[in-house]
Structures are given as C-alpha cells and as structure tokens.
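Student: Please read through the structure below; I'll follow up with questions.
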Amino acid sequence: ENSELPRDKLKAVIDVLDREAVVDERVLELVEWASQYYHHPMGEVLAAALPKLARAGASATATTERWFATAQGQEALAGKALARARRQRELLELLAGPEVVTAEVLTERIEDWRTPMRALVSRGFASSAEIAQVPASVAQDLVRAGSPPLSEEQTAAVAAIDQAHGRFAPFLLHGITGSGKTEVYLHSVEHALRKGRRALVLVPEIGLTPQLVGRFRERFAVPVGVLHSGLTDTERLAAWRQCLSGEARVVLGTRSAVFAPVPGLGIVIVDEEHDASFKQHESGFRYSARDLAILRAQRAQVPVVLGSATPSLETLQNVATGRFRRLSLPRRAGQALPPRAALLDVREHAVRQGICTPVVEAMQRHLADGSQVIVYINRRGYSPTLACTACGWIAPCRDCDARLTVHLGVSRLRCHHCGADAPLPANCPQCGYPVKHVGQGTERVEETLAKLFPDMPIARLDRDVVRKRGDLEAVVERITSGEARILVGTQMVTKGHDFPNVTLVVVLNADQGLFSTDFRAPERVAQ
C-alpha cells in the first residue's frame, strides 16, 4: 500500500502464482543462510530450491484433467444425435454418469478413447477441466515387509538415534562396508514415521538412488518421493508437489533434495557423507549439501545421521571435539568376512597396459570358478595423456591448465576439468612425428581385457557409457544377471551396488590419486 519510491517507478504485479507459500519458513531460512554464507545471489539460491517448471509458473498443487458431458451432450444422449456413433455414445454415457472421469479412468476403460473424445468436443458434447489431484491413500500399517534381526551394535545405534527424537543431535554412523548401515537408516526412519513425522534421505550419486529407493519401497507402505537430476522436468515437478503436499512421507534424493519441502521433518540422513558428489562444483550456486543438511536438521530440531565406512576428516574432527557422536558398526552383518587384500608392486612383474601377470592369473582362477570380477581404475577415457616422444609436446587444453584425455572410441580429445573438446590428431602439431597414447583409462583397460579374455563378456561403467536414462540400470542388470563376467569402471562401480557373484576386485594404478591436484588426494585414496 505504501512505497518509498514514486508510483511511476513501480511495476504492477502480473499475477499471483500460488495462494499458499511454496517455500516453507524453514527452507526459506536455509536459503537465506546459504545465500549469505556462500556469497551467492538470493534469487539463484532460491531457483536451486525449486524445480524448473515451478519457477516458470506451474501450480504447486497437483492437478488432473476431468472430463464431463456438457448440457448439449446430455440432450444428445436423450435424443438420436449419436445413434450411428456407437463409440461416441458409449463414451458420452460414461462422462454423463456420477463418477469422476479422469484420463487415467478413460485409459483403463476405453481403448483409444481420444479419437471419439475429439469428435465429442468438436460437437460441443464434452469438455474438460483441471481439478485438484486426490493424494493416494496410505495403508494403515506403515511397514510392508519384515526386517532381518539387528546386531547388538545396530540395535544400540537405532536406540541412540530414537532417543534424540525432537531435538538436534548429529550422529556419525561409522560402519565398515557390509555392516548394515542401511538397516539402521530403515529402522530410524520407521521410528520417525510411527511418530507422525517425515524423513529426508540424501545419497551422493544417482546410481545409488534406484537401489536405496527399492529398499525403502519394499520396507514401507508409504509414498516415497524421489528427487535427482536424472528426472525430466515434469517428473521433478510431480515429485516436488508430492513433497510439498506432505503426501511423500520419505523423501530421497541427491544433493539438490536438501532444499525439498518436507513438512513435519523428523529425521535427516546423509549416506556416504564423505563423498565429493555432495559438493556442487559446477557453475552457478556452489554449496555442500552435507553441511546444509546438518544445518537444516539443526533448524528443524531433529537428529541428523551421517553414514560412512570412511568418514571425511572434518567429520572425524567433529567427533573428536565432541560436536558429533560416533555410532560404530565394526563387524559385517551375518557371517560375512572382511576381504583379503594383496598389494602388488608392478615393477616386479611383466605388465601389459597396466595389468600385471599375477592379476591376469588371479582373474583366470576366479573366472574359471564361474565368478565375476570387478576391475577398477579411477580414470575414464582411453589414456590420460597424448604425447609426442620426439619433441615432448603433450596435448594441452586450450581453455584451462589441464591436459586433454584421449577418447579413442569417438576419436576426440576431451578435458575432464572444463569440458573442452578437440579432434584427435594422428601426428604432433609441432613436429609432425606420430603421437603416443600414454597411460590407461577405462576404455583402454576394456580393450586390453577383451584381448586377454576373448570369451568373457565385459561391461564398462563410467560417465562415457552412462549418457542417458536407463544406461546405468542396463549395465547393472548385465552384471546382476551374470551375463557380463568382467566389470570395468571408475568410482561408479564402487558405490553401493550389490553384486553377490563378484569374488575378486582389482584396483589398477592404486596410487595415481596421490598425484592429484586436489589437496584431499591422500584422503580420497584412503577412502
């Protein structure tokens, strides 16, 4: 009503998009804090908290299209206007009934209903309107499936988290691989649900999401909202609406899900808290989702659980200073034994493209027994360097200080730091001498293994293979089904997958990460 500016400087509001707030008070506080702490414009931070279609003006309320017979259509049914149009008449009779007829109902009842519907609409006999979508009914019993018995350490961890209900309490769930951290998450979420609260669960990679979502949906008979960058804009809007309305009792997603609207939040869980994927490194708003998740739990006065087999050094420091409480799971679940590790000095053995003879022999033994093998090398592409042995030229990136990586399959040089791309030359641009591929990446290792084991199907899992939706699931299915006997990949092969028939893991060039430019290089190698 009042303004310090003159009226001719003001612009009229075009439209009020939503009658109710779409960003609750707690999330707005988080956005404001993040904007100040990370020195980023408030508008861009808020944009990161909302799906694209919501920013473009889509309603915050989920709607569905309802079809009905018009007054003219009712008259047509009473007369003989549709005597010769049997399908149109059947459709109009359904629309004229007392039932709410949506597109889903029509698809279920009438095959190819859109053709006769277009005819009815053109004649003025039928019409449609958007109505609020009714949330799916929730089963009385929250738990759908039984859970395996908990170990003594798991029971103690669940009890400690449950005792912190209604107050901020940060926990580090420090459990070795296979110790049952996910089962602790599931029990803690169940306790929160039984108290009428909701849960927010963050995972670092899209690759982990399908498996964890499957575990939660198998266990709980409540809607699970899923938010990650692999969704289409429409799917992301639908999931966000599900969270905003409170229909989703469990919200699971990657780093951007830290801003998801979760009314009645009861617990926050960050799985693999040490993972670098929780940091937004790309252009735009850069932030740490793990740190924001802790802050969100603090503002909501709920417990937050950070799970990891190899916690980050700052989290271990927080435990040492008493800010976080450590919950330890030192034993593997059931009868599982820890793996036997062997360190090979490749200087003492014959090496073929980074793979030494003892590794080849070990793979032969395990493959002969009908088992599967994982070969891990944390470098994608064919080779990390293209060099000239005559003049010493090494393919540089034209846009940054990094070196270009060889991608032989597409005959390109690509920068894994800034994304620059260039054609692959056959000769040195400085002296004209033939260039040489130096070092190994997943593409080259796959090529070498195909020559060493010509009868064994090989699958590769890295960012070059996982380009579109379904690619990751297709590779995982090949391994799970046993079709592929050898899996070659980067960090994507190490994160939370369950491959029961894998009995050998080979880590190639294990110490290469020590020479990374990242100041955390020793920590990353240890993890």
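Chain lettering (A, B, ...) mirrors the order of the structure tokens, residue numbering begins at 1 for each chain separately, and ligand numbering begins at 1 in order of display.
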Identify, on the basis of only C-alpha atoms, every residue whose closest approach to Ile394 of chain A does not exceed 9 Å; exclude the query and any residue fewer than 5 positions from it along the same chain; express the result as a list of chain:residue names.

Tutor: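 The residues that qualify are A:Thr385, A:Leu386, A:Ala387, A:Cys388, A:Arg403, A:Leu404, A:Cys428.
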
Student: What are the DSSP strand (DSSP E or B) residues of segment 260-420 of chain A, as a PyMOL selection string?

Tutor: chain A and resi 265-271+279+288+303-308+325-329+351-352+355-356+372-376+383+385-387+394+396+403+405-407+412-414

Student: Do you know which residues are at most 10 Å from Glu183 of chain A counting only C-alpha atoms, after dropping those on the same chain fewer than 5 positions away, and could you put them as JSON, numbers by chain?

Tutor: {"A": [147, 148, 149, 150, 154, 158, 188, 189, 215]}

Student: Write the residues you've just listed into a file as a compact mmCIF listing (two decimals), in the first residue's frame, and include N, CA and C atoms for each of them.

Tutor:
```
# COMPACT_ATOMS: atom_id res chain seq x y z
N SER A 147 11.93 -57.10 8.72
CA SER A 147 13.34 -56.77 8.63
C SER A 147 14.18 -57.87 9.26
N PRO A 148 15.42 -58.03 8.79
CA PRO A 148 16.31 -59.02 9.41
C PRO A 148 16.64 -58.61 10.84
N PRO A 149 17.00 -59.55 11.70
CA PRO A 149 17.34 -59.20 13.09
C PRO A 149 18.57 -58.30 13.14
N LEU A 150 18.54 -57.33 14.03
CA LEU A 150 19.65 -56.39 14.16
C LEU A 150 20.75 -56.96 15.06
N GLN A 154 23.95 -52.52 15.89
CA GLN A 154 22.86 -51.86 15.15
C GLN A 154 21.74 -51.45 16.10
N VAL A 158 20.35 -47.60 16.62
CA VAL A 158 18.94 -47.23 16.41
C VAL A 158 18.36 -46.61 17.68
N SER A 188 15.47 -46.32 11.81
CA SER A 188 15.35 -44.95 12.32
C SER A 188 14.24 -44.20 11.61
N VAL A 189 14.11 -44.40 10.30
CA VAL A 189 13.02 -43.79 9.55
C VAL A 189 11.68 -44.35 10.01
N ARG A 215 14.88 -50.42 -1.67
CA ARG A 215 14.88 -50.89 -0.28
C ARG A 215 13.79 -50.21 0.54
```

Student: Which residues are close to Pro384 of chain A, i.e. within 7 Å by only C-alpha atoms, leaving aside same-chain residues fewer than 6 positions away? Reply as a list in words.

Tutor: Thr405, Val406, Val438, Gly439, Gln440 and Gly441 of chain A

Student: Hey, can you check how far atom CA of Ser277 of chain A sits from atom CA of Ser35 of chain A?

Tutor: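 Atom-to-atom, atom CA of Ser277 of chain A to atom CA of Ser35 of chain A, that is 20.2 Å.
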
Student: Could you list, as a ChimeraX atom specification, every residue within 12 Å of Glu75 of chain A, counting only C-alpha atoms and ignoring same-chain residues fewer than 4 positions away?

Tutor: /A:69-71,79-82,89,92-93,96,124-126

Student: Which one is closest to Pro263 of chain A: A:Gly230, A:Ala132, A:Asn427, A:Val23? Count only C-alpha atoms.

Tutor: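 Going through A:Gly230, A:Ala132, A:Asn427, A:Val23 one by one, the smallest distance to Pro263 of chain A is for A:Val23.
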
Student: Residues within 8 Å of His165 of chain A, please, as a PyMOL selection string. Count only C-alpha atoms; anything in the same chain fewer than 4 positions from it doesn't count.

Tutor: chain A and resi 161+192+266+302-303

Student: Between A:Ala48, A:Val410, A:Arg86, A:Ala58, which residue has the minimum interatomic distance to Arg255 of chain A, considering only C-alpha atoms?

Tutor: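 For Arg255 of chain A, the nearest of the given residues is A:Ala48.
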
Student: What's around Gly225 of chain A at 8 Å? Count only C-alpha atoms, leave out sequence neighbours fewer than 2 positions away in its own chain, and write the answer as an NGL selection string.

Tutor: :A and (223 or 227 or 239-240 or 242-243 or 248-252)
